[in-house]
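Each remark here refers to the structure printed beneath this line.
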Amino acid sequence: MDAVREFLPFMPAGAGAIIYPLSILFIGCMVYGCYWRFQRYGVSLRDAWNEVRGDAKTEGAARLGNVIRQALLQKKVLRRPFAGVFHGGIFFAMLVLTLGTMTVALQQDLLGKLGLTFLKNGVYFAFEFALDTAALAFIAGCLAALGRRMLAKPDYLENSAESYAVLGLLLFIGATGLLLEGMRLAAHPVPWGYWSYVGSAVAAFIPAAAVPAIYPALWWTHLFAALTMIALVPFTKLYHILAIPVNLFLEPVGVAKAKLSMPFNLMDMAEDEESEEETGEEEPEPVMGFAKVQEIDWKRKFAIDACANCGRCESVCPAHAAGRELSPRLLVQGLKHSLAAGVPAPALMKRAEASDLILDGEEHLGEAEDVFAEGVLTEEAAWSCVNCGACMEECPASIHHVEYLLDLRRHLFSEGRVKDKQATLLEAVERNGNPYGLPSYERTEWLLDKGIPDIEDNPDADYIYWIGCAGAYGIRNQEVTLATLRLLKAAGINFAILADEKCCGEVVKRLGEEGRFQLLAAENVAYLEPYADKTFITSCPHCYNTLKHEYRDFGLELNVIHHTELLAQLLKEGKLPLETKDAKLAHIAYHDPCNLGRFNGIYDAPRDVIQKLPGATLVEPEKHGDKSFCCGAGGGNAWFNVEEKEKISSIRLKEICASAHPDVLAVACPYCLAMFDDAVKTEGMEKTLAVKDISELLADALPASADDGANVEAKAAIS
Amino acid sequence: MSKVLIYAADAEEAKALAIVAAPIAGGPPAALLSGGALPEVEAAALAATSGEVGADVIVAAASKKGNEVAARAAEILDAGCVTEALSVAESGGSLTAKRAIYGGVAVGEFAFEAKPAVLTIALSALAGAEGDSAYGEVSATAGEDAGYDKELVKSEPLAKTVDLTKAKRIVSFGRGLAKKEDIGEVETLAKGLGAEIGCSRPIAEELKWLPQEHQVGITGAIVKPDLYIALGISGAIQHFAGMKDAKVIVAVNSNKNAPIFQFADYGIVGDIYEVVPALEQAIGG
Amino acid sequence: MHIVVCVKHVVDSTEIHVDKKTNELVLRGLSTKINDYDKNAVEEAVKLKKELGATVSLVTIGPRDAQKTLKEALAMGADDAYLLQISPRQQLDTAQASLILSKMIEKLEPVDLVLCGEVSEDGYNSQTGARIAERLHLPHVSYVTKLSAQDGGYVAESTLEDTAETLKGATPALLTISSAINVPRLPTAIQIMKVRTSRIKNVKLADLGLDDSVLETPKVKMLGYEIPEQERKNIMIDGTASEAAASLVKYLQEEKVM
């Protein structure tokens, strides 16, 4: 006799049939809910569908791959081991249990009627085992989730009545389902019952006699609970089940990770202005960021709406850790509630008396003139973002927090609501070509005086060394420049510098003054175009990012490498012989710069260099690689102050020292160098920790004869 | 030689102006001391007095008030005016004046095309001027009363802790100083030298360890002491512009490549926490 | 209330430098911009515009390039601008500038307040405001650090070297604005670009009842300049801290500064 699934014991006939119309009803409710939610995005179904179809045509397969990796395989969710595992448990279990239920229905109501029984014996045993394991995982996951909320209470995880209700409902569905199986096995034991090992264990506690009376009631309860959950999806945080996979599909694949948006093109506008003068008609003002969330495009609204309030972004945000007024989570949640204006907002971000940002219920959404007036965030919060991208790296929903903040900055700029230091900074870049406000003629003079060739002197150079503002003007950073040049010379690299180099403009763009950035970039692009066939080496990851990615918007594709990439390659090729005797032993920790690591995936090259340094042992801080904790200088924050409780650089420095115990902190970015130099002074660690760029460490390891006469000063400068 | 009329706030200023004007005055110049009235009235009186005494040149101090009065008087007399002059001379019948141009990058020489001419002398050129300071005081000739509806409601002295522009010796510090508490060390050295305390911009503006009056630089005080000691100051151009006219510049910095050493007469590469106490010892001993 | 602000278009003073090879000042090919001190005056005027509903006019003498300065000031909130174009190589002394600006202001009467920056970055003369005031027979207050105005009068605080004065008076009057009074707003590049050039009205000398002779007859002319030699001894003192200190004290005693 075949072992098959007992279908609906103790239930009246027709109970099986009624599942379908009921399901249609509840699913219909869900669909209606999704449509209701869709109204928030301000786009017609047809337009949205056409756009998505267009995207699918160009890169549908790649995007689908992303959906599978992130949603199905829970790649980002697993970045947090504990929560990742239990959420994975809940997720897969739900998937398996749903498919399982559908399989039973398929067998019972379709294949069975056609005389085909596949769910029997071996297949059936495996099926039962899988489902029981899923049920166990599901319940364990829900309990773990509840335990986390109730006992661990992490501060980035918001607890509300809804979160408990939803988890409670899930737990209820899982528990009742398991109970039903237990009851069935208790009342109708079968020899293969042990395959349903969890159900069997439960069955041991159930008096068989009670089952026939209770089973139907519990069965209806379980059914309605499950269907209710489905119907409630678009009305609760469960919406993320549908929204996140879709949002993952909406995420463009062919764009560089840190690429910022280009809200308008100044060159097009210049033409408009000319035609305006002629026709006297005004062309519409370009949109400068957004004032209210209703203004942004539907895909970004969709993304905001997909936020599940998991709080991971907040947990890794350095600005938040420093006690600044910013929480990426509350930003998105605030925008989400603002989007749903009309739905009473339970909470908005506000700076509280106590140390943490609290949620403060206010219901004046929809009337205020912008998100700042609405209370979604403060202006200070908008400036507090260091653009490190840690939030986006963690976000399982693929929300781009930094981009919203950039657009908000653009809005603030268009209204002149900026800090004095920012205005000074922009004027300095515009007039002197650097953020320091130092004269432009001093930028490269000191290097040309040392005999470093300009591109005019060496037009056949293979490489152009892009010095960057810090490397040109910063006293400490000049030492890094000299060290790098020394290495290039020692390796016989054929390079030149650009005498009329100007700021790449990164800080202008990230502050939000897009117009000035484009004017500057256009000038730079015109200047650099003739050299586009050469490889650009830069010591600054911010310049790297801008030259490589942002200048593409202006039609310039440059081949850009960071100096650590080149140095790693040279070491591999044996072009940089190092002095090994008298090597001092040192534990060297490497701080992954945001712009090099997270933004561009360059983690190994700098480490390769460090590991080849004589006497060096590489030690890793706890937060390394794509989990690196920003030095605090990004997003223009090196140039102005915001309200904070502690310096981001100090927090990071202490963490590195506590987890890695280095003698030397190696950096690969001039901003990081400046920040940590300062933090070392603040923390009084000058005698115990040296902060050096990788160039300096490598140049120090060059044998004395490696430098030619012209660079004696360079060597002296670093030693 | 020209007939010079000095316009001065007080006798001391008049003496200094007389010294500076000596190269062009054929004998002790006439001097009109300020009546303390509103600049419009003072200017009218100055112009009238100038006509009365037949002056070719009016010389005033380039204080804020001095510039205002001189400029208005120049307009009344339809005369050319050069402010912030460092020196005056006469060559080939033409009156010339030298003054800093373009923020001090260069010193320009300016010639007056006609007389009368009006000049204000830079305060730094007046300080410590030595020479023949005789002048002959004249009383004011009342100028045209324009009947302006304007009054001085009140005048209060500015509460300032220090005026570095008048200091003869200054000990200045920058970011080389690690903690605010360490300013005590600098103060001890300054006391030993009879010097005032100055600082670089980050100390005053960002860290706010000292009030603004102590900041030396292009956005702070422009000083001209006999001795300027820069401790832990790297030597950014903006700071340099504020102290470049010091007679003797000493720099102490742990970084041998600090730009300040290029601008210094004497430089010590070392830890200021060691050098400063050593200096105190050497001075005291 | 009608406010006129005098605005100067200058060469970027931070970029002026000496060419090491020729030992000459590099003045050509430098970027030009609005005189930063005049931005404080424009900002103050725009504040009064917001407060009192005043209209703000700008007057400038400058080359055609000065249009960009005026566009920036218009983007800050000024209402209209008047430019008397001169050749980029034309030099004007303070007497000539004051004469022309005064005539331009006269043409815009009735005027309640004339605002000027405290000084210009390139000339550093600090005269033009006071001269215009005298020519237009206006009372003036200089180095204004705080201003409140209403129709008919003003109260201004002025900071001199050692004193702070408070003055009040009736309009019309001229005020030179200290850079300490405010932080001028920064219009975005887009906002500046969007200012139509047609908003800048060109004024000719003939419109002012003047002719070219005004440009040719300065009262003060620059004959030439010299680059002061930066002679510093650059003596580096070696040794331990105490040795160096002892040497330094000896040097300072020799220099007679101790």
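Chains: A, B, ... in order of the structure tokens. Residues: from 1 per chain. Ligands: from 1, in order shown.
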If the cut-off is 6 Å, can you tell me the residues of chain C near chain A, counting only C-alpha atoms? I'd like them as a ChimeraX atom specification.
/C:14-15,189-190
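Here is the contact set of chain B against chain A, at 12 Å and counting only C-alpha atoms: Arg175, Gly176, Leu177, Ala178, Lys179, Lys180, Glu205, Glu206, Leu207, Ile233, Ser234, Gly235, Ala236, Ile237, Gln238, His239, Asn255, Lys256, Asn257, Ala258, Pro259 and Ile260 of chain B.
In this structure, atom CA of A:Ala699 sits 15.8 Å away from atom CA of A:Lys572.
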Selection: 12 Å around C:Gln90, only C-alpha atoms, excl. self and same-chain fewer than 2 positions, as a ChimeraX atom specification:
/C:61-63,85-88,92-93,96-97,212,214-218,221
For the structure I just gave you, how does DSSP split stretch 48-255 of chain C - specifically, which residues are strand (DSSP E)? Reply as JSON, numbers by chain.
{"C": [55, 56, 57, 58, 59, 60, 61, 62, 80, 81, 82, 83, 84, 85, 113, 114, 115, 116, 117, 140, 141, 142, 143, 144, 145, 146, 147, 148, 149, 150, 153, 154, 155, 156, 157, 158, 159, 163, 164, 165, 166, 167, 168, 169, 170, 173, 174, 175, 176, 177, 200, 201, 202, 203, 220, 221, 222, 223, 224, 225, 226, 235, 236]}
Filtered DSSP result for stretch 57-158 of chain C, state alpha helix (DSSP H), as a PyMOL selection string
chain C and resi 66-76+94-107+128-135
Kindly save the residues from that selection, with N, CA, C and O atoms included, as a tab-separated table (two decimals), in the first residue's frame.
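Result file selection-v2.tsv:
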chain	number	residue	atom	x	y	z
C	66	ALA	N	32.23	92.35	-16.52
C	66	ALA	CA	31.54	92.70	-15.27
C	66	ALA	C	30.10	92.21	-15.26
C	66	ALA	O	29.46	92.20	-14.23
C	67	GLN	N	29.59	91.83	-16.42
C	67	GLN	CA	28.23	91.31	-16.47
C	67	GLN	C	28.08	90.12	-15.54
C	67	GLN	O	27.04	89.92	-14.92
C	68	LYS	N	29.14	89.32	-15.42
C	68	LYS	CA	28.99	88.13	-14.58
C	68	LYS	C	28.90	88.52	-13.12
C	68	LYS	O	28.20	87.89	-12.34
C	69	THR	N	29.61	89.58	-12.73
C	69	THR	CA	29.50	90.09	-11.36
C	69	THR	C	28.09	90.58	-11.09
C	69	THR	O	27.49	90.30	-10.06
C	70	LEU	N	27.53	91.31	-12.05
C	70	LEU	CA	26.19	91.84	-11.86
C	70	LEU	C	25.16	90.72	-11.84
C	70	LEU	O	24.19	90.77	-11.10
C	71	LYS	N	25.38	89.69	-12.65
C	71	LYS	CA	24.44	88.57	-12.64
C	71	LYS	C	24.43	87.90	-11.28
C	71	LYS	O	23.39	87.50	-10.76
C	72	GLU	N	25.62	87.78	-10.69
C	72	GLU	CA	25.69	87.15	-9.38
C	72	GLU	C	24.93	88.01	-8.36
C	72	GLU	O	24.16	87.49	-7.56
C	73	ALA	N	25.13	89.33	-8.41
C	73	ALA	CA	24.44	90.20	-7.47
C	73	ALA	C	22.94	90.20	-7.73
C	73	ALA	O	22.14	90.27	-6.80
C	74	LEU	N	22.54	90.12	-8.98
C	74	LEU	CA	21.10	90.05	-9.29
C	74	LEU	C	20.53	88.74	-8.78
C	74	LEU	O	19.42	88.69	-8.25
C	75	ALA	N	21.31	87.66	-8.91
C	75	ALA	CA	20.83	86.36	-8.43
C	75	ALA	C	20.70	86.37	-6.91
C	75	ALA	O	19.90	85.61	-6.35
C	76	MET	N	21.45	87.25	-6.25
C	76	MET	CA	21.33	87.36	-4.79
C	76	MET	C	20.01	88.02	-4.41
C	76	MET	O	19.57	87.91	-3.26
C	94	THR	N	40.32	107.03	-7.89
C	94	THR	CA	39.12	107.13	-7.06
C	94	THR	C	38.30	108.36	-7.42
C	94	THR	O	37.06	108.34	-7.35
C	95	ALA	N	38.95	109.43	-7.84
C	95	ALA	CA	38.21	110.64	-8.18
C	95	ALA	C	37.34	110.39	-9.41
C	95	ALA	O	36.16	110.76	-9.45
C	96	GLN	N	37.91	109.73	-10.42
C	96	GLN	CA	37.14	109.45	-11.63
C	96	GLN	C	35.99	108.49	-11.33
C	96	GLN	O	34.85	108.69	-11.75
C	97	ALA	N	36.32	107.43	-10.57
C	97	ALA	CA	35.28	106.44	-10.25
C	97	ALA	C	34.15	107.10	-9.48
C	97	ALA	O	32.97	106.87	-9.78
C	98	SER	N	34.50	107.92	-8.48
C	98	SER	CA	33.45	108.56	-7.69
C	98	SER	C	32.59	109.47	-8.54
C	98	SER	O	31.37	109.52	-8.37
C	99	LEU	N	33.21	110.19	-9.44
C	99	LEU	CA	32.44	111.10	-10.30
C	99	LEU	C	31.43	110.33	-11.12
C	99	LEU	O	30.23	110.65	-11.13
C	100	ILE	N	31.90	109.30	-11.80
C	100	ILE	CA	31.01	108.55	-12.70
C	100	ILE	C	29.92	107.84	-11.91
C	100	ILE	O	28.73	107.90	-12.27
C	101	LEU	N	30.31	107.21	-10.81
C	101	LEU	CA	29.31	106.48	-10.02
C	101	LEU	C	28.26	107.46	-9.48
C	101	LEU	O	27.06	107.17	-9.46
C	102	SER	N	28.72	108.64	-9.04
C	102	SER	CA	27.78	109.61	-8.50
C	102	SER	C	26.75	109.99	-9.57
C	102	SER	O	25.55	110.08	-9.29
C	103	LYS	N	27.23	110.22	-10.80
C	103	LYS	CA	26.31	110.58	-11.87
C	103	LYS	C	25.32	109.45	-12.14
C	103	LYS	O	24.14	109.67	-12.40
C	104	MET	N	25.83	108.22	-12.08
C	104	MET	CA	24.94	107.08	-12.34
C	104	MET	C	23.87	107.01	-11.26
C	104	MET	O	22.70	106.73	-11.53
C	105	ILE	N	24.27	107.30	-10.02
C	105	ILE	CA	23.30	107.23	-8.93
C	105	ILE	C	22.28	108.35	-9.06
C	105	ILE	O	21.07	108.15	-8.85
C	106	GLU	N	22.76	109.51	-9.46
C	106	GLU	CA	21.85	110.64	-9.63
C	106	GLU	C	20.74	110.30	-10.61
C	106	GLU	O	19.59	110.66	-10.42
C	107	LYS	N	21.13	109.61	-11.68
C	107	LYS	CA	20.13	109.26	-12.69
C	107	LYS	C	19.05	108.32	-12.15
C	107	LYS	O	17.99	108.18	-12.75
C	128	THR	N	36.17	105.52	-2.04
C	128	THR	CA	35.11	105.79	-3.01
C	128	THR	C	33.78	106.11	-2.35
C	128	THR	O	33.08	107.05	-2.78
C	129	GLY	N	33.42	105.36	-1.32
C	129	GLY	CA	32.15	105.60	-0.64
C	129	GLY	C	32.05	107.04	-0.14
C	129	GLY	O	31.09	107.76	-0.44
C	130	ALA	N	33.06	107.44	0.62
C	130	ALA	CA	33.03	108.78	1.21
C	130	ALA	C	33.02	109.86	0.13
C	130	ALA	O	32.34	110.89	0.26
C	131	ARG	N	33.74	109.63	-0.94
C	131	ARG	CA	33.81	110.62	-2.01
C	131	ARG	C	32.45	110.77	-2.69
C	131	ARG	O	32.00	111.89	-2.98
C	132	ILE	N	31.81	109.64	-2.95
C	132	ILE	CA	30.48	109.69	-3.57
C	132	ILE	C	29.53	110.45	-2.65
C	132	ILE	O	28.73	111.30	-3.09
C	133	ALA	N	29.62	110.16	-1.35
C	133	ALA	CA	28.73	110.81	-0.40
C	133	ALA	C	28.90	112.33	-0.48
C	133	ALA	O	27.92	113.08	-0.51
C	134	GLU	N	30.16	112.76	-0.51
C	134	GLU	CA	30.40	114.21	-0.57
C	134	GLU	C	29.87	114.79	-1.86
C	134	GLU	O	29.21	115.83	-1.88
C	135	ARG	N	30.13	114.10	-2.98
C	135	ARG	CA	29.70	114.64	-4.27
C	135	ARG	C	28.18	114.72	-4.36
C	135	ARG	O	27.64	115.65	-4.95
If we count only C-alpha atoms and set the cut-off at 7 Å, which residues sit around C:Leu113, ignoring sequence neighbours fewer than 5 positions away in its own chain? Please answer as an mmCIF file with C-alpha atoms, in the first residue's frame.
data_model
loop_
_atom_site.group_PDB
_atom_site.id
_atom_site.type_symbol
_atom_site.label_atom_id
_atom_site.label_comp_id
_atom_site.auth_asym_id
_atom_site.auth_seq_id
_atom_site.Cartn_x
_atom_site.Cartn_y
_atom_site.Cartn_z
ATOM 1 C CA HIS C 2 15.060 102.625 -3.157
ATOM 2 C CA ILE C 3 18.565 101.350 -2.408
ATOM 3 C CA VAL C 4 21.512 101.653 -4.765
ATOM 4 C CA THR C 171 17.748 109.282 4.496
ATOM 5 C CA PRO C 172 19.006 109.831 1.892
ATOM 6 C CA ALA C 173 22.401 108.743 3.189
ATOM 7 C CA LEU C 174 25.386 106.654 2.116
#
C:Asp36, C:Asp112, C:Glu24, C:Glu51: which is nearest chain B, counting only C-alpha atoms?
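Checking each candidate against chain B, we get C:Glu24 as the closest.
Residue nearest chain C, chosen from B:Leu231, B:Ile197, B:Ala74, B:Ala89 and counting only C-alpha atoms: B:Ala74.
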